[in-house]
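What follows is the content of start16.cif (mmCIF, C-alpha atoms).
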```cif
data_start
#
loop_
_atom_site.label_atom_id
_atom_site.label_comp_id
_atom_site.auth_asym_id
_atom_site.auth_seq_id
_atom_site.Cartn_x
_atom_site.Cartn_y
_atom_site.Cartn_z
CA MET A 13 26.77 48.13 25.02
CA LEU A 14 23.34 46.86 26.02
CA ARG A 15 23.31 44.46 23.06
CA ARG A 16 26.66 43.01 24.10
CA LYS A 17 25.42 42.44 27.64
CA ARG A 18 22.29 40.74 26.35
CA TRP A 19 24.33 38.60 23.98
CA ARG A 20 26.71 37.56 26.77
CA PHE A 21 23.80 36.79 29.09
CA ALA A 22 22.13 34.69 26.38
CA MET A 23 25.33 32.75 25.72
CA LEU A 24 25.89 32.11 29.42
CA ALA A 25 22.28 30.96 29.74
CA ILE A 26 22.51 28.38 26.95
CA LEU A 27 26.08 27.31 27.72
CA PRO A 28 25.06 24.47 30.10
CA THR A 29 22.60 23.13 27.52
CA LEU A 30 25.25 23.29 24.79
CA ALA A 31 27.73 21.51 27.04
CA ILE A 32 25.26 18.70 27.78
CA PHE A 33 24.39 18.42 24.07
CA ALA A 34 28.06 18.22 23.13
CA TRP A 35 28.69 15.55 25.74
CA VAL A 36 25.63 13.45 24.89
CA ARG A 37 25.59 13.90 21.09
CA ILE A 38 28.81 15.28 19.65
CA TYR A 39 31.31 13.37 21.78
CA PRO A 40 29.84 9.89 21.06
CA ILE A 41 29.92 10.60 17.32
CA ALA A 42 33.53 11.75 17.49
CA GLU A 43 34.48 8.72 19.59
CA THR A 44 32.75 6.39 17.12
CA LEU A 45 34.70 7.95 14.26
CA ARG A 46 37.93 7.40 16.21
CA LEU A 47 37.14 3.78 17.00
CA SER A 48 36.23 3.02 13.38
CA VAL A 49 39.80 3.56 12.19
CA HIS A 50 41.34 1.33 14.88
CA LYS A 51 41.49 -2.40 15.38
CA TRP A 52 39.71 -2.07 18.71
CA ASP A 53 39.39 -5.43 20.43
CA ILE A 54 37.98 -5.46 23.96
CA LEU A 55 40.22 -8.35 24.98
CA SER A 56 43.43 -6.91 23.58
CA LYS A 57 45.52 -4.10 25.04
CA ASN A 58 47.00 -3.30 21.64
CA LYS A 59 44.58 -1.22 19.58
CA PRO A 60 46.50 -0.17 16.45
CA PHE A 61 45.44 2.43 13.92
CA ILE A 62 44.40 0.64 10.70
CA GLY A 63 42.92 3.50 8.66
CA LEU A 64 40.06 2.45 6.38
CA ALA A 65 40.66 -1.30 6.69
CA ASN A 66 37.43 -1.81 8.64
CA PHE A 67 35.41 -0.07 5.95
CA ARG A 68 37.02 -2.12 3.18
CA GLU A 69 36.19 -5.30 5.04
CA LEU A 70 32.59 -4.21 5.56
CA PHE A 71 31.61 -4.34 1.91
CA SER A 72 33.03 -7.84 1.48
CA ASP A 73 31.19 -9.09 4.59
CA ARG A 74 28.14 -11.13 3.58
CA LEU A 75 26.42 -10.63 6.94
CA PHE A 76 26.86 -6.85 6.78
CA ILE A 77 25.45 -6.69 3.24
CA GLU A 78 22.48 -8.80 4.33
CA ALA A 79 21.88 -6.63 7.39
CA LEU A 80 22.17 -3.40 5.38
CA THR A 81 19.80 -4.72 2.69
CA ASN A 82 17.17 -5.84 5.21
CA THR A 83 17.42 -2.54 7.08
CA ALA A 84 17.00 -0.49 3.91
CA ILE A 85 13.99 -2.58 2.80
CA ILE A 86 12.35 -2.15 6.22
CA ALA A 87 13.06 1.59 6.40
CA PHE A 88 11.72 2.39 2.94
CA GLY A 89 8.83 -0.04 3.33
CA VAL A 90 7.71 1.69 6.53
CA LEU A 91 8.13 5.09 4.84
CA LEU A 92 6.03 4.13 1.81
CA ILE A 93 3.25 2.81 4.03
CA THR A 94 3.27 5.43 6.79
CA ILE A 95 3.34 8.68 4.80
CA PRO A 96 0.31 8.20 2.51
CA LEU A 97 -1.74 6.26 5.04
CA SER A 98 -1.16 8.73 7.88
CA LEU A 99 -1.96 11.66 5.59
CA VAL A 100 -5.27 10.11 4.53
CA LEU A 101 -6.21 9.12 8.09
CA ALA A 102 -5.38 12.60 9.39
CA ALA A 103 -7.56 14.14 6.66
CA LEU A 104 -10.47 11.87 7.58
CA ILE A 105 -10.15 12.60 11.30
CA HIS A 106 -9.82 16.33 10.64
CA HIS A 107 -12.93 16.19 8.46
CA ARG A 108 -14.77 14.59 11.40
CA ALA A 109 -13.31 17.04 13.93
CA ARG A 110 -16.76 18.02 15.21
CA SER A 111 -17.80 14.42 15.71
CA ARG A 112 -18.03 13.09 19.27
CA LEU A 113 -15.78 10.21 18.29
CA ALA A 114 -12.97 12.41 16.94
CA GLY A 115 -11.05 12.20 20.21
CA PHE A 116 -11.52 8.44 20.32
CA TYR A 117 -10.12 8.07 16.80
CA GLU A 118 -7.06 10.15 17.67
CA THR A 119 -6.42 8.19 20.84
CA ALA A 120 -6.93 4.80 19.20
CA ILE A 121 -4.48 5.62 16.41
CA PHE A 122 -1.87 7.15 18.74
CA ILE A 123 -1.87 4.36 21.38
CA PRO A 124 0.44 2.01 19.38
CA HIS A 125 3.12 4.72 19.40
CA VAL A 126 3.24 4.90 23.20
CA VAL A 127 2.79 1.20 23.94
CA SER A 128 5.94 -0.47 25.26
CA LEU A 129 7.87 -1.92 22.35
CA VAL A 130 8.63 -5.43 23.60
CA PRO A 131 5.07 -6.36 24.75
CA ALA A 132 3.70 -4.99 21.48
CA ALA A 133 6.20 -7.04 19.48
CA MET A 134 5.31 -10.15 21.51
CA ALA A 135 1.63 -9.60 20.71
CA TRP A 136 2.42 -9.32 16.99
CA LYS A 137 4.61 -12.41 17.25
CA TRP A 138 1.56 -14.30 18.48
CA ILE A 139 -0.51 -12.87 15.62
CA PHE A 140 2.05 -14.08 13.08
CA ASP A 141 2.50 -17.49 14.75
CA ALA A 142 2.32 -20.26 12.12
CA LYS A 143 0.21 -22.64 14.25
CA LEU A 144 -1.76 -20.59 16.79
CA GLY A 145 -1.74 -17.13 15.22
CA PRO A 146 -5.09 -15.55 14.32
CA LEU A 147 -3.69 -14.26 11.02
CA ASN A 148 -3.36 -17.74 9.55
CA ASN A 149 -6.77 -18.66 10.96
CA LEU A 150 -8.29 -15.63 9.28
CA LEU A 151 -6.60 -16.39 5.96
CA GLY A 152 -7.80 -19.99 6.25
CA TRP A 153 -11.39 -18.80 6.00
CA PHE A 154 -10.56 -17.55 2.51
CA GLY A 155 -8.84 -20.76 1.48
CA VAL A 156 -5.29 -19.42 1.88
CA ALA A 157 -2.76 -21.99 3.10
CA PRO A 158 -1.00 -21.25 6.42
CA LYS A 159 2.23 -19.29 6.12
CA ALA A 160 5.37 -19.60 8.23
CA TRP A 161 5.50 -15.83 8.60
CA LEU A 162 8.45 -15.62 10.99
CA PHE A 163 10.52 -18.45 9.54
CA ASP A 164 10.58 -17.39 5.91
CA PRO A 165 13.25 -14.66 5.40
CA VAL A 166 11.09 -12.63 3.00
CA LEU A 167 7.87 -12.91 5.01
CA ALA A 168 9.73 -12.13 8.24
CA VAL A 169 10.91 -8.83 6.78
CA VAL A 170 7.31 -8.07 5.76
CA CYS A 171 6.20 -8.78 9.36
CA VAL A 172 8.77 -6.32 10.72
CA ILE A 173 7.57 -3.69 8.22
CA VAL A 174 3.96 -4.20 9.35
CA LEU A 175 4.91 -3.90 13.03
CA CYS A 176 7.05 -0.79 12.51
CA SER A 177 4.36 0.87 10.37
CA TRP A 178 1.72 0.13 12.99
CA GLN A 179 3.86 1.85 15.61
CA ALA A 180 4.88 4.83 13.46
CA LEU A 181 1.40 5.58 12.17
CA GLY A 182 0.02 7.22 15.32
CA TYR A 183 2.80 9.80 15.62
CA ALA A 184 2.62 10.67 11.92
CA VAL A 185 -1.17 11.12 12.08
CA LEU A 186 -0.84 13.38 15.13
CA ILE A 187 1.70 15.61 13.38
CA TYR A 188 -0.43 15.80 10.24
CA LEU A 189 -3.47 16.73 12.34
CA VAL A 190 -1.54 19.68 13.73
CA GLY A 191 -0.74 20.66 10.16
CA PHE A 192 -4.36 20.38 9.03
CA LYS A 193 -5.53 22.61 11.88
CA SER A 194 -3.09 25.31 10.78
CA LEU A 195 -4.37 25.44 7.19
CA PRO A 196 -6.61 28.44 6.38
CA VAL A 197 -10.27 27.43 6.03
CA SER A 198 -10.79 30.19 3.44
CA LEU A 199 -8.83 28.21 0.85
CA TYR A 200 -11.18 25.25 1.12
CA GLU A 201 -14.23 27.51 1.05
CA ALA A 202 -12.94 29.21 -2.10
CA ALA A 203 -12.22 25.84 -3.71
CA LYS A 204 -15.71 24.65 -2.83
CA LEU A 205 -17.24 27.74 -4.44
CA ASP A 206 -15.22 26.96 -7.57
CA GLY A 207 -16.76 23.49 -7.67
CA ALA A 208 -13.84 21.49 -6.27
CA THR A 209 -14.72 18.18 -4.65
CA GLY A 210 -13.29 16.94 -1.38
CA PRO A 211 -10.62 14.71 -3.01
CA GLN A 212 -9.66 17.56 -5.35
CA SER A 213 -9.23 19.98 -2.43
CA PHE A 214 -7.16 17.37 -0.63
CA ARG A 215 -4.90 16.85 -3.65
CA LEU A 216 -4.55 20.47 -4.73
CA ILE A 217 -4.57 22.28 -1.36
CA SER A 218 -3.80 19.95 1.54
CA VAL A 219 -0.98 17.91 0.03
CA PRO A 220 1.06 20.88 -1.32
CA MET A 221 0.62 22.99 1.81
CA LEU A 222 1.56 20.13 4.11
CA LYS A 223 4.92 19.53 2.41
CA PRO A 224 6.94 20.83 5.40
CA ILE A 225 5.03 18.37 7.62
CA THR A 226 5.64 15.61 5.10
CA LEU A 227 9.34 16.41 5.12
CA TYR A 228 9.53 16.22 8.90
CA VAL A 229 7.49 13.01 9.15
CA SER A 230 9.44 11.33 6.34
CA VAL A 231 12.80 12.19 7.91
CA VAL A 232 11.74 10.94 11.36
CA THR A 233 10.20 7.78 9.91
CA LEU A 234 13.22 6.97 7.75
CA VAL A 235 15.70 7.54 10.58
CA SER A 236 13.63 5.33 12.89
CA GLY A 237 13.44 2.69 10.19
CA PHE A 238 17.20 2.54 9.78
CA ASN A 239 17.57 2.20 13.57
CA VAL A 240 15.18 -0.75 13.78
CA TYR A 241 16.35 -3.42 16.20
CA ALA A 242 13.96 -4.55 18.94
CA GLN A 243 11.13 -5.31 16.50
CA ALA A 244 13.30 -7.64 14.42
CA PHE A 245 14.96 -9.13 17.51
CA VAL A 246 11.67 -10.05 19.23
CA LEU A 247 9.80 -11.24 16.15
CA ALA A 248 12.65 -13.43 14.90
CA SER A 249 13.83 -14.82 18.26
CA ASP A 250 13.23 -18.46 19.12
CA ALA A 251 11.41 -19.91 22.12
CA GLN A 252 14.51 -19.61 24.30
CA GLY A 253 14.92 -15.93 23.44
CA ALA A 254 17.95 -16.38 21.20
CA PRO A 255 17.93 -13.94 18.27
CA GLY A 256 16.81 -15.47 15.00
CA ARG A 257 18.59 -14.98 11.73
CA GLN A 258 15.53 -14.51 9.52
CA VAL A 259 15.71 -10.74 9.90
CA ARG A 260 19.28 -9.59 10.34
CA VAL A 261 19.35 -5.80 10.68
CA LEU A 262 22.23 -3.36 10.93
CA VAL A 263 21.94 -2.50 14.63
CA LEU A 264 21.79 -6.20 15.54
CA ASP A 265 24.92 -6.82 13.46
CA MET A 266 26.68 -3.96 15.24
CA LEU A 267 25.78 -5.30 18.69
CA GLU A 268 26.92 -8.81 17.82
CA ASN A 269 30.26 -7.57 16.50
CA SER A 270 30.75 -5.43 19.61
CA PHE A 271 29.71 -7.72 22.45
CA ARG A 272 29.82 -11.22 20.98
CA ASN A 273 32.82 -10.97 18.64
CA TYR A 274 34.53 -8.16 20.66
CA ARG A 275 35.27 -6.23 17.45
CA VAL A 276 34.34 -2.76 18.66
CA GLY A 277 36.28 -0.96 15.92
CA TYR A 278 34.54 -2.96 13.21
CA ALA A 279 31.13 -2.28 14.79
CA ALA A 280 32.02 1.42 14.98
CA SER A 281 32.70 1.45 11.23
CA GLU A 282 29.19 0.00 10.72
CA ALA A 283 27.80 2.82 12.87
CA VAL A 284 29.64 5.38 10.74
CA VAL A 285 28.19 3.88 7.56
CA LEU A 286 24.71 4.02 9.12
CA LEU A 287 25.27 7.67 10.09
CA LEU A 288 26.38 8.58 6.56
CA ILE A 289 23.42 6.79 4.97
CA VAL A 290 20.89 8.53 7.22
CA LEU A 291 22.58 11.91 6.68
CA LEU A 292 22.63 11.47 2.91
CA LEU A 293 18.99 10.38 2.74
CA THR A 294 17.93 13.30 4.94
CA LEU A 295 19.74 15.80 2.69
CA MET A 296 18.16 14.17 -0.38
CA GLN A 297 14.69 14.50 1.16
CA PHE A 298 15.25 18.18 1.93
CA SER A 299 16.54 18.79 -1.59
CA PHE A 300 13.68 16.88 -3.25
CA LEU A 301 10.89 18.59 -1.35
CA ARG A 302 12.46 22.01 -1.85
CA GLU A 303 12.59 21.43 -5.60
CA LYS A 304 8.99 20.24 -5.65
CA GLY A 305 7.97 23.22 -3.54
CA GLY A 306 9.74 25.61 -5.89
CA ARG A 307 8.00 24.16 -8.94
CA THR A 308 4.57 24.45 -7.38
#
```
Produce structure tokens that represent the structure in this file.
Amino acid sequence: MLRRKRWRFAMLAILPTLAIFAWVRIYPIAETLRLSVHKWDILSKNKPFIGLANFRELFSDRLFIEALTNTAIIAFGVLLITIPLSLVLAALIHHRARSRLAGFYETAIFIPHVVSLVPAAMAWKWIFDAKLGPLNNLLGWFGVAPKAWLFDPVLAVVCVIVLCSWQALGYAVLIYLVGFKSLPVSLYEAAKLDGATGPQSFRLISVPMLKPITLYVSVVTLVSGFNVYAQAFVLASDAQGAPGRQVRVLVLDMLENSFRNYRVGYAASEAVVLLLIVLLLTLMQFSFLREKGGRT
């Protein structure tokens, strides 16, 4: 009887939170799924059910394929840079935990994550500027010809990857530092007695034991990468603020189809594809790291 009362009290206590979560998270997803199977035009009163026609059109749309390709390259590029670099930086900072500058290092690395996105992107846009940017000036000292970083489609994607990695690094390092502080010191002391060097302890102890942290950081980084928008929009926009076409990403394509072309149903089908991709990649990451964990 007491258990039932406690269970009812617990359910009543979390019911408002569940209701808010359902309204903010579940309902928008369900509404997006509904819109994706309709020809939903803002300017038209008639919004007929068309089944999977939007999805069939997607994969014959050159702009959608370009946006999806650029988004995938950016997401995986940021992932491949952020995970190993943040792990190494966290190990170095943790090793210098007793140093007076340890707090300064943590703050300096974390600041890019909390800086407002648009001003940060504008600063990087100046860095990558073909005429006045310091990057070309620096490369000129080594005899490298100036590059039109933001006007070449390939180089523009690289610039977005650099900006996104710079912003994601601080959060990943902070999470890894929490993981390092939770590792038992006795393991490292035992490894040191057995003659293991610092790099060997890092490879054989730190990396395997931080796999849950790596899973979390990789999932968050990959999801953020697939939702990239403002970075590409600001870096590739022209002097008048119009969005450039050097870096067409999926979220930008969705917004243009919704509010410029008034094809809300078509944009909703793009959102569903993005949701499925992120869900599939997340499940693959969980499966991969579980298998690796089981083998070790």
Can you pull out every residue within 12 Å of Asp73 of chain A, counting only C-alpha atoms, but drop anything in the same chain fewer than 6 positions away, and send it as a list of chain:residue names?
A:Asn66, A:Phe67, A:Ala79, A:Leu80, A:Asp265, A:Tyr278, A:Glu282
Between A:Ser270, A:Thr94, A:Asn58, A:Thr29, which residue has the minimum interatomic distance to Leu181 of chain A, considering all atoms listed in the file?
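Nearest to Leu181 of chain A: A:Thr94.
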Determine the residue membership of the PyMOL selection byres ((chain A and resi 191) around 12) for the file above and supply it as a list in words.
Leu99, Ala102, Ala103, His106, Ala184, Val185, Leu186, Ile187, Tyr188, Leu189, Val190, Phe192, Lys193, Ser194, Leu195, Pro196, Ser218, Val219, Pro220, Met221, Leu222, Lys223, Pro224, Ile225, Thr226, Tyr228 and Val229 of chain A
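For the choices A:Arg272, A:Lys137, A:His50, A:Arg16, the atom-to-atom distance to Cys171 of chain A is smallest for A:Lys137 when using only C-alpha atoms.
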Residue nearest Thr81 of chain A - candidates A:Gly277, A:Val169, A:Ile217, A:Phe298, atoms counted: all atoms listed in the file
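Of A:Gly277, A:Val169, A:Ile217, A:Phe298, the one nearest Thr81 of chain A, counting all atoms listed in the file, is A:Val169.
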Step by step: start from the point (16.7, 15.8, 4.0) in the file's coordinates, keep every protein, DNA or RNA residue that has an atom no farther than 12 Å from it, count only C-alpha atoms, and write the set as an MDAnalysis selection string.
chainID A and resid 224 226:235 289:303
Taking C-alpha atoms for each residue, export the selection above as a PDB file, in the frame of the given file.
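Contents of selection-v8.pdb, freshly written:
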```
ATOM      1  CA  PRO A 224       6.940  20.830   5.400  1.00  0.00           C
ATOM      2  CA  THR A 226       5.640  15.610   5.100  1.00  0.00           C
ATOM      3  CA  LEU A 227       9.340  16.410   5.120  1.00  0.00           C
ATOM      4  CA  TYR A 228       9.530  16.220   8.900  1.00  0.00           C
ATOM      5  CA  VAL A 229       7.490  13.010   9.150  1.00  0.00           C
ATOM      6  CA  SER A 230       9.440  11.330   6.340  1.00  0.00           C
ATOM      7  CA  VAL A 231      12.800  12.190   7.910  1.00  0.00           C
ATOM      8  CA  VAL A 232      11.740  10.940  11.360  1.00  0.00           C
ATOM      9  CA  THR A 233      10.200   7.780   9.910  1.00  0.00           C
ATOM     10  CA  LEU A 234      13.220   6.970   7.750  1.00  0.00           C
ATOM     11  CA  VAL A 235      15.700   7.540  10.580  1.00  0.00           C
ATOM     12  CA  ILE A 289      23.420   6.790   4.970  1.00  0.00           C
ATOM     13  CA  VAL A 290      20.890   8.530   7.220  1.00  0.00           C
ATOM     14  CA  LEU A 291      22.580  11.910   6.680  1.00  0.00           C
ATOM     15  CA  LEU A 292      22.630  11.470   2.910  1.00  0.00           C
ATOM     16  CA  LEU A 293      18.990  10.380   2.740  1.00  0.00           C
ATOM     17  CA  THR A 294      17.930  13.300   4.940  1.00  0.00           C
ATOM     18  CA  LEU A 295      19.740  15.800   2.690  1.00  0.00           C
ATOM     19  CA  MET A 296      18.160  14.170  -0.380  1.00  0.00           C
ATOM     20  CA  GLN A 297      14.690  14.500   1.160  1.00  0.00           C
ATOM     21  CA  PHE A 298      15.250  18.180   1.930  1.00  0.00           C
ATOM     22  CA  SER A 299      16.540  18.790  -1.590  1.00  0.00           C
ATOM     23  CA  PHE A 300      13.680  16.880  -3.250  1.00  0.00           C
ATOM     24  CA  LEU A 301      10.890  18.590  -1.350  1.00  0.00           C
ATOM     25  CA  ARG A 302      12.460  22.010  -1.850  1.00  0.00           C
ATOM     26  CA  GLU A 303      12.590  21.430  -5.600  1.00  0.00           C
TER      27      GLU A 303
END
```
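Closest approach to Val166 of chain A from the set A:Leu199, A:Leu267, A:Ile86, A:Ile93 is made by A:Ile86, with distances taken over only C-alpha atoms.
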To one decimal place, how far is atom CA of Phe271 of chain A from atom CA of Ile54 of chain A in Å?
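Those two atoms sit 8.7 Å apart.
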Between A:Ser236, A:Thr209, A:Ser56, A:Thr44, which residue has the minimum interatomic distance to Tyr274 of chain A, considering all atoms listed in the file?
A:Ser56
